[in-house]
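Enquirer: Questions regarding the structure given below will be posed in turn.
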Amino acid sequence: MPCDSAIIKDVYTLSPDLKVADALKFIHEKDVRAMPVIDKDGRLVGVFSLSVMLKNLLPAVAKMEDGLQKLGFVVGASTGIAKRLQKEQLQTVAETMEKDVTVAHPSTALWEIIRIMVKYGSPVPIIEEDTGIFVGIVSEQSATRDLEQRIAALTPKDNEE
Amino acid sequence: MLPEETVHHATEVIFGLNPMIVATSILVVAYGFIISEKINRAVISLLGAGALAFTGVLNHELMIQGIDFNTIFLLTGMMVIVAITKRTGIFQFVAILSAKLVKGNPRLLLIVLSLITAVFSALLDNVTTVLLVVPITLLLTEQLKLPAYPFLFALIFFSNIGGTATLIGDPPNILIGSAVGFGFMDFVYNVGPASLINMVVLLVIFDFMWGRKFVTTDKAREHLLNYDPYEALTDTPLLIKSFLTLSLVLFGFIVGHGYGLEPGTVALTGAAFLMLLDIYKMNAEDQSHKVQEGFKEVEWETIFFFMGLFILVYGVEHTGLLEMLAQKMLSWTGGDMATTGYLILWSSAILSAIVDNIPFVATMIPMIKSMGAEMGGEAAIEPLWWSLSLGACLGGNGSLIGASANVMVASFAERAGQRIPFLKFMALAFPLMLLTIAISTVYVWFVFFG
């Protein structure tokens, strides 16, 4: 069962040259957590998300697997963190976005999309296999909705199987 | 003339080849690969050990006889204890507490972090110590807006110097202690003072070069003073259990030696005791999970490297090569104890800076042992062991690849965006390492040879 029916094609996207401050404004306005970043040829170049941006605020030693496991001892650092965000706001989306993104294609099986979402998080960007052109996304909501529609379409014969 | 055992084995070796030549060739090829770092050292040492068996130089019994299980047990036991202890957050706690005690003064911070590293390295292993001290050091330097390089440099030096002071602090000492039968306090008494003198000298140098020039802001210091070290502790009950076990193990090292208890037995029993405390009252599944977690942290690559290496060295020892080389060395030094000691100290220091000091020490041990007969017996050659220990452990400071701890710090720092350039490090580290060896030369002259 391919995932094409679960793809949301009408999604908000960002340009890699946009400043982080503007991208944040856009994200708040549209009330989403992540947006695909598309170049002028329509190819996916990364994903800009609130979680990646927050991750960028952490000291390098707290992001590493064998680094600091706790930061609770850093008391009263809110102003310092805000200053880090202030600095990040001046960067471009291309500098801060997640570039190593797990993608899928319209022909990818829904099982595989669910596996990717469980392992790497939602949404999963969908690109054309041969051109890399961005097609849309499959999110947890769209995948669930697609499956619910399939339940509604089940026949008595299907239920017997 | 070849030793008797060699003649006996000549008939068993493949194609009737000379066993000494076969064993030496295998060792040279294996060491070549180990030094070039083209293939993993554990794989090479095991393949070399296998080659000794397949060519008939050693049989199964001799291979087992060649492995120093005391060293293997000591390494494995301490690795398990450290793996469990590090989950408690004690390293971060001590570092943050010390930073607060010196009120964020960067000059004093360099000194306390160096000393903490030295103490932990002496009581645990260097690699774990630096892996746990480096992350918090980078955070503290970032907070105080200080350059990280001087701190990383000092941590490398103090991990190796601290490790020199005890039986368990550095792998060369573990090898020497196990082969000769030295106890924990033998190292503390004989190489501890040299280690201490070197630390004082280096602290003065580091302070002159870097410490006195450090500048930070009052605001940055104020932020650091807000840190709550107790928040860094992740598991206080486990901390108490770990502290109890480490104290018992240390007590076992010190007292057990007099009762014939090997350090390997003490460490492995200590590891089992700590695991027992850790899994007490858990169900079978959770117990199994916890114990597996502890064993998973053992650096099996190092353990198997040591096993292969012991067999490789035993091959050349058994066929008489090392005895021959020892005689050669004695003929160069005229059998003079002091000259032999200085030769061992300097050659092991320079070689340890360039290549892995573990294979070097493993080869030197049987060589020095065989010098005993000609130099007045086992007790008389004791200063040679201390020369080897000081040379091999302190020599590791000479380059970024001189010791495993250096490699670990460099790799972590690079991933954290604080690259330590190889040549920049060596340009300062090598002369400083030579200085520590010069100090150690004066020390061994004054204490043993003078």
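Order determines the names: the first chain of the structure tokens is A, the second B, and so forth; residues in each chain are numbered 1 upward, and ligands are numbered 1 upward as they are shown.
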Running DSSP on the backbone, which parts of stretch 21-102 of chain A land in strand (DSSP E), as a list in words?
Expert: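 Put together, the selection reads Ala34, Met35, Pro36, Val37, Ile38, Leu44, Val45, Gly46, Val47, Phe48 and Ser49 of chain A.
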Enquirer: Would you pick out the contacts of stretch 159-175 of chain B at 7 Å or less, using only C-alpha atoms, so that residues sharing its chain but fewer than 3 positions from it are not included, and give the list as number ranges by chain?
Expert: B: 71, 117-119, 121-126, 155-156, 178-179, 184, 187-188, 191-192, 195, 358, 361-362, 389-390, 392-394, 396-397
Enquirer: Identify, on the basis of only C-alpha atoms, every residue whose closest approach to B:Ser25 does not exceed 10 Å; exclude the query and any residue fewer than 5 positions from it along the same chain; express the result as an MDAnalysis selection string.
Expert: chainID B and resid 19:20 30:31 48 316
Enquirer: Export, as a JSON list (two decimals), in the first residue's frame, the selected residues with all heavy atoms.
Expert:
[["chain", "number", "residue", "atom", "x", "y", "z"],
["B", 19, "PRO", "N", 62.28, -21.49, 15.12],
["B", 19, "PRO", "CA", 61.13, -20.87, 15.83],
["B", 19, "PRO", "C", 61.38, -19.41, 16.19],
["B", 19, "PRO", "O", 60.44, -18.60, 16.18],
["B", 19, "PRO", "CB", 60.98, -21.73, 17.08],
["B", 19, "PRO", "CG", 62.23, -22.51, 17.20],
["B", 19, "PRO", "CD", 62.81, -22.65, 15.85],
["B", 20, "MET", "N", 62.63, -19.07, 16.50],
["B", 20, "MET", "CA", 62.91, -17.68, 16.88],
["B", 20, "MET", "C", 62.66, -16.74, 15.69],
["B", 20, "MET", "O", 62.09, -15.66, 15.85],
["B", 20, "MET", "CB", 64.35, -17.53, 17.38],
["B", 20, "MET", "CG", 64.59, -16.19, 18.05],
["B", 20, "MET", "SD", 66.32, -15.81, 18.22],
["B", 20, "MET", "CE", 66.78, -16.81, 19.61],
["B", 30, "ALA", "N", 53.29, -7.81, 13.05],
["B", 30, "ALA", "CA", 52.15, -7.36, 13.88],
["B", 30, "ALA", "C", 52.41, -5.97, 14.43],
["B", 30, "ALA", "O", 51.53, -5.09, 14.37],
["B", 30, "ALA", "CB", 51.92, -8.36, 15.01],
["B", 31, "TYR", "N", 53.59, -5.72, 14.96],
["B", 31, "TYR", "CA", 53.91, -4.39, 15.51],
["B", 31, "TYR", "C", 53.89, -3.33, 14.41],
["B", 31, "TYR", "O", 53.49, -2.20, 14.64],
["B", 31, "TYR", "CB", 55.28, -4.42, 16.21],
["B", 31, "TYR", "CG", 55.22, -4.91, 17.64],
["B", 31, "TYR", "CD1", 54.18, -5.72, 18.08],
["B", 31, "TYR", "CD2", 56.20, -4.59, 18.57],
["B", 31, "TYR", "CE1", 54.11, -6.20, 19.37],
["B", 31, "TYR", "CE2", 56.15, -5.06, 19.89],
["B", 31, "TYR", "CZ", 55.10, -5.86, 20.28],
["B", 31, "TYR", "OH", 55.03, -6.32, 21.57],
["B", 48, "GLY", "N", 48.08, -12.28, 15.03],
["B", 48, "GLY", "CA", 49.48, -12.62, 15.30],
["B", 48, "GLY", "C", 49.57, -13.81, 16.24],
["B", 48, "GLY", "O", 50.35, -14.74, 16.03],
["B", 316, "VAL", "N", 58.05, -14.65, 21.31],
["B", 316, "VAL", "CA", 59.47, -14.28, 21.18],
["B", 316, "VAL", "C", 60.24, -14.54, 22.48],
["B", 316, "VAL", "O", 61.44, -14.80, 22.45],
["B", 316, "VAL", "CB", 59.66, -12.81, 20.73],
["B", 316, "VAL", "CG1", 59.37, -12.65, 19.26],
["B", 316, "VAL", "CG2", 58.87, -11.85, 21.56]]
Enquirer: Got a sec to pull out which chain B residues are within 10 Å of chain A, counting only C-alpha atoms, and send them as a ChimeraX atom specification?
Expert: /B:87,89,92-93,96,131-139,142-143,223-234,412-413,415-418
Enquirer: Write out, as a CSV table (one decimal), in the first residue's frame, the residues just selected, with N, CA and C atoms.
Expert:
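So the final result, stored in part-v9.csv, reads:
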chain,number,residue,atom,x,y,z
B,87,ARG,N,28.0,6.6,36.2
B,87,ARG,CA,26.5,6.9,36.1
B,87,ARG,C,26.0,7.8,37.2
B,89,GLY,N,27.4,10.7,38.2
B,89,GLY,CA,27.6,12.1,38.0
B,89,GLY,C,28.7,12.7,38.9
B,92,GLN,N,31.3,15.3,37.4
B,92,GLN,CA,30.8,16.6,37.1
B,92,GLN,C,30.6,17.3,38.5
B,93,PHE,N,30.1,16.6,39.5
B,93,PHE,CA,29.9,17.2,40.8
B,93,PHE,C,31.2,17.7,41.3
B,96,ILE,N,32.4,20.9,39.3
B,96,ILE,CA,31.6,22.1,39.5
B,96,ILE,C,31.8,22.6,40.9
B,131,LEU,N,37.4,11.4,29.7
B,131,LEU,CA,36.1,11.4,29.0
B,131,LEU,C,35.0,12.1,29.9
B,132,LEU,N,35.2,12.0,31.2
B,132,LEU,CA,34.2,12.6,32.1
B,132,LEU,C,34.5,14.0,32.5
B,133,VAL,N,35.8,14.3,32.5
B,133,VAL,CA,36.2,15.6,33.0
B,133,VAL,C,36.2,16.6,31.8
B,134,VAL,N,36.5,16.2,30.6
B,134,VAL,CA,36.6,17.1,29.4
B,134,VAL,C,35.2,17.8,29.2
B,135,PRO,N,34.1,17.1,29.1
B,135,PRO,CA,32.8,17.8,28.8
B,135,PRO,C,32.5,18.9,29.8
B,136,ILE,N,32.7,18.7,31.1
B,136,ILE,CA,32.4,19.7,32.1
B,136,ILE,C,33.4,20.8,32.0
B,137,THR,N,34.6,20.5,31.6
B,137,THR,CA,35.7,21.5,31.5
B,137,THR,C,35.3,22.4,30.3
B,138,LEU,N,34.8,21.8,29.2
B,138,LEU,CA,34.5,22.7,28.0
B,138,LEU,C,33.3,23.6,28.4
B,139,LEU,N,32.4,23.1,29.2
B,139,LEU,CA,31.2,23.9,29.6
B,139,LEU,C,31.7,25.1,30.5
B,142,GLU,N,33.5,27.6,28.5
B,142,GLU,CA,32.6,28.4,27.6
B,142,GLU,C,31.9,29.4,28.5
B,143,GLN,N,31.5,29.0,29.7
B,143,GLN,CA,30.8,29.9,30.6
B,143,GLN,C,31.7,31.1,31.0
B,223,HIS,N,27.7,33.9,37.0
B,223,HIS,CA,26.8,32.9,36.5
B,223,HIS,C,27.3,31.5,37.0
B,224,LEU,N,28.6,31.4,37.0
B,224,LEU,CA,29.2,30.1,37.4
B,224,LEU,C,28.9,29.8,38.8
B,225,LEU,N,28.9,30.9,39.6
B,225,LEU,CA,28.7,30.7,41.1
B,225,LEU,C,27.2,30.3,41.3
B,226,ASN,N,26.4,30.5,40.4
B,226,ASN,CA,25.0,30.0,40.5
B,226,ASN,C,24.8,28.5,40.3
B,227,TYR,N,25.8,27.9,39.7
B,227,TYR,CA,25.7,26.5,39.4
B,227,TYR,C,25.4,25.7,40.7
B,228,ASP,N,24.6,24.7,40.6
B,228,ASP,CA,24.3,23.8,41.7
B,228,ASP,C,24.9,22.5,41.5
B,229,PRO,N,26.1,22.2,42.1
B,229,PRO,CA,26.8,20.9,41.9
B,229,PRO,C,25.9,19.7,42.2
B,230,TYR,N,25.0,19.8,43.2
B,230,TYR,CA,24.3,18.7,43.7
B,230,TYR,C,23.3,18.2,42.6
B,231,GLU,N,22.9,19.2,41.7
B,231,GLU,CA,22.0,18.8,40.6
B,231,GLU,C,22.8,17.9,39.6
B,232,ALA,N,24.1,17.9,39.6
B,232,ALA,CA,24.9,17.1,38.7
B,232,ALA,C,24.8,15.6,39.1
B,233,LEU,N,24.6,15.4,40.4
B,233,LEU,CA,24.5,14.0,40.9
B,233,LEU,C,23.2,13.3,40.4
B,234,THR,N,23.4,12.2,39.8
B,234,THR,CA,22.2,11.6,39.2
B,234,THR,C,21.6,10.4,40.0
B,412,PHE,N,37.3,13.9,21.3
B,412,PHE,CA,36.1,14.6,21.9
B,412,PHE,C,36.1,16.0,21.6
B,413,ALA,N,37.3,16.7,21.8
B,413,ALA,CA,37.4,18.1,21.6
B,413,ALA,C,37.1,18.5,20.1
B,415,ARG,N,35.1,16.9,18.1
B,415,ARG,CA,33.6,16.8,17.9
B,415,ARG,C,32.9,18.0,18.5
B,416,ALA,N,33.5,18.5,19.6
B,416,ALA,CA,32.8,19.6,20.3
B,416,ALA,C,33.2,21.0,19.7
B,417,GLY,N,33.9,20.9,18.6
B,417,GLY,CA,34.3,22.2,17.9
B,417,GLY,C,35.6,22.8,18.5
B,418,GLN,N,36.4,22.1,19.2
B,418,GLN,CA,37.6,22.6,19.8
B,418,GLN,C,38.8,21.7,19.4
Enquirer: Can you list every residue in stretch 325-396 of chain B that DSSP puts in helix (DSSP H, G or I), as a PyMOL selection string?
Expert: chain B and resi 325-333+337-354+357-375+382-396
Enquirer: Of the candidates A:Glu95, A:Glu29, A:Glu128, A:Asp39, which one gets nearest to A:Ser15 if we count only C-alpha atoms?
Expert: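 For A:Ser15, the nearest of the candidates is A:Asp39.
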Enquirer: Contacts of A:Ser139 at 10 Å or less, counting only C-alpha atoms, minus same-chain residues fewer than 5 places along, as a list in words?
Expert: Ala6, Ile7, Ile8, Ile113, Ile114, Met117, Gly121, Ser122, Pro123, Val124, Pro125, Thr144 and Arg145 of chain A
Enquirer: With N, CA, C and O atoms kept, could you save the residues just selected as a PDB file, in the first residue's frame?
Expert:
ATOM      1  N   ALA A   6      -1.825   9.509   1.576  1.00  0.00           N
ATOM      2  CA  ALA A   6      -1.647  10.160   2.891  1.00  0.00           C
ATOM      3  C   ALA A   6      -0.838  11.449   2.769  1.00  0.00           C
ATOM      4  O   ALA A   6      -0.621  12.147   3.765  1.00  0.00           O
ATOM      5  N   ILE A   7      -0.382  11.762   1.542  1.00  0.00           N
ATOM      6  CA  ILE A   7       0.493  12.930   1.379  1.00  0.00           C
ATOM      7  C   ILE A   7      -0.322  14.233   1.439  1.00  0.00           C
ATOM      8  O   ILE A   7      -1.364  14.366   0.781  1.00  0.00           O
ATOM      9  N   ILE A   8       0.191  15.196   2.217  1.00  0.00           N
ATOM     10  CA  ILE A   8      -0.412  16.540   2.213  1.00  0.00           C
ATOM     11  C   ILE A   8       0.431  17.350   1.241  1.00  0.00           C
ATOM     12  O   ILE A   8       1.652  17.516   1.467  1.00  0.00           O
ATOM     13  N   ILE A 113       6.672   4.378   5.897  1.00  0.00           N
ATOM     14  CA  ILE A 113       6.510   5.759   6.365  1.00  0.00           C
ATOM     15  C   ILE A 113       6.245   5.753   7.877  1.00  0.00           C
ATOM     16  O   ILE A 113       6.820   6.551   8.615  1.00  0.00           O
ATOM     17  N   ILE A 114       5.390   4.822   8.308  1.00  0.00           N
ATOM     18  CA  ILE A 114       5.080   4.747   9.751  1.00  0.00           C
ATOM     19  C   ILE A 114       6.360   4.413  10.522  1.00  0.00           C
ATOM     20  O   ILE A 114       6.661   4.999  11.556  1.00  0.00           O
ATOM     21  N   MET A 117       8.469   7.501  10.753  1.00  0.00           N
ATOM     22  CA  MET A 117       7.916   8.469  11.711  1.00  0.00           C
ATOM     23  C   MET A 117       8.180   8.042  13.148  1.00  0.00           C
ATOM     24  O   MET A 117       8.518   8.861  13.996  1.00  0.00           O
ATOM     25  N   GLY A 121      10.611  10.702  13.784  1.00  0.00           N
ATOM     26  CA  GLY A 121       9.674  11.773  14.076  1.00  0.00           C
ATOM     27  C   GLY A 121       8.867  12.200  12.855  1.00  0.00           C
ATOM     28  O   GLY A 121       9.183  11.850  11.723  1.00  0.00           O
ATOM     29  N   SER A 122       7.836  12.975  13.128  1.00  0.00           N
ATOM     30  CA  SER A 122       6.907  13.427  12.079  1.00  0.00           C
ATOM     31  C   SER A 122       7.174  14.907  11.808  1.00  0.00           C
ATOM     32  O   SER A 122       7.611  15.620  12.724  1.00  0.00           O
ATOM     33  N   PRO A 123       6.935  15.434  10.608  1.00  0.00           N
ATOM     34  CA  PRO A 123       6.450  14.767   9.408  1.00  0.00           C
ATOM     35  C   PRO A 123       7.603  14.215   8.570  1.00  0.00           C
ATOM     36  O   PRO A 123       8.741  14.565   8.795  1.00  0.00           O
ATOM     37  N   VAL A 124       7.220  13.361   7.581  1.00  0.00           N
ATOM     38  CA  VAL A 124       8.222  12.820   6.666  1.00  0.00           C
ATOM     39  C   VAL A 124       8.077  13.545   5.326  1.00  0.00           C
ATOM     40  O   VAL A 124       7.014  13.506   4.714  1.00  0.00           O
ATOM     41  N   PRO A 125       9.127  14.253   4.851  1.00  0.00           N
ATOM     42  CA  PRO A 125       9.035  14.917   3.553  1.00  0.00           C
ATOM     43  C   PRO A 125       9.025  13.879   2.421  1.00  0.00           C
ATOM     44  O   PRO A 125       9.728  12.876   2.501  1.00  0.00           O
ATOM     45  N   THR A 144      -2.804   8.811   9.927  1.00  0.00           N
ATOM     46  CA  THR A 144      -3.906   8.244  10.715  1.00  0.00           C
ATOM     47  C   THR A 144      -5.235   8.468   9.996  1.00  0.00           C
ATOM     48  O   THR A 144      -6.068   7.559   9.888  1.00  0.00           O
ATOM     49  N   ARG A 145      -5.393   9.710   9.470  1.00  0.00           N
ATOM     50  CA  ARG A 145      -6.650  10.040   8.760  1.00  0.00           C
ATOM     51  C   ARG A 145      -6.832   9.114   7.550  1.00  0.00           C
ATOM     52  O   ARG A 145      -7.916   8.599   7.303  1.00  0.00           O
TER      53      ARG A 145
END
Enquirer: At a cut-off of 8 Å, using only C-alpha atoms, what residues contact B:Gly256? Leave out same-chain residues fewer than 6 positions from it and give the result as a list in words.
Expert: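 Non-adjacent residues within range: Glu262, Pro263 and Val266 of chain B.
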Enquirer: List as a PyMOL selection string the protein and nucleic acid residues near B:Leu434, meaning an atom at most 9 Å away when only C-alpha atoms are counted, but skip any in the same chain fewer than 4 places from it.
Expert: chain B and resi 346+349-350+394-395+398+429-430+438-439
Enquirer: Once you have the residues from the selection above, write them out as a PDB file, in the first residue's frame, restricted to C-alpha atoms.
Expert:
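again-v8.pdb, freshly written:
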ATOM      1  CA  TRP B 346      64.798   7.676  27.949  1.00  0.00           C
ATOM      2  CA  ALA B 349      59.830   7.805  26.983  1.00  0.00           C
ATOM      3  CA  ILE B 350      60.722   8.721  23.407  1.00  0.00           C
ATOM      4  CA  LEU B 394      55.269  10.064  31.142  1.00  0.00           C
ATOM      5  CA  GLY B 395      56.442   9.492  27.558  1.00  0.00           C
ATOM      6  CA  GLY B 398      54.898  13.599  24.047  1.00  0.00           C
ATOM      7  CA  ALA B 429      54.113  18.701  24.601  1.00  0.00           C
ATOM      8  CA  PHE B 430      57.278  16.976  23.399  1.00  0.00           C
ATOM      9  CA  ALA B 438      64.854  14.955  32.834  1.00  0.00           C
ATOM     10  CA  ILE B 439      63.267  15.528  36.255  1.00  0.00           C
TER      11      ILE B 439
END
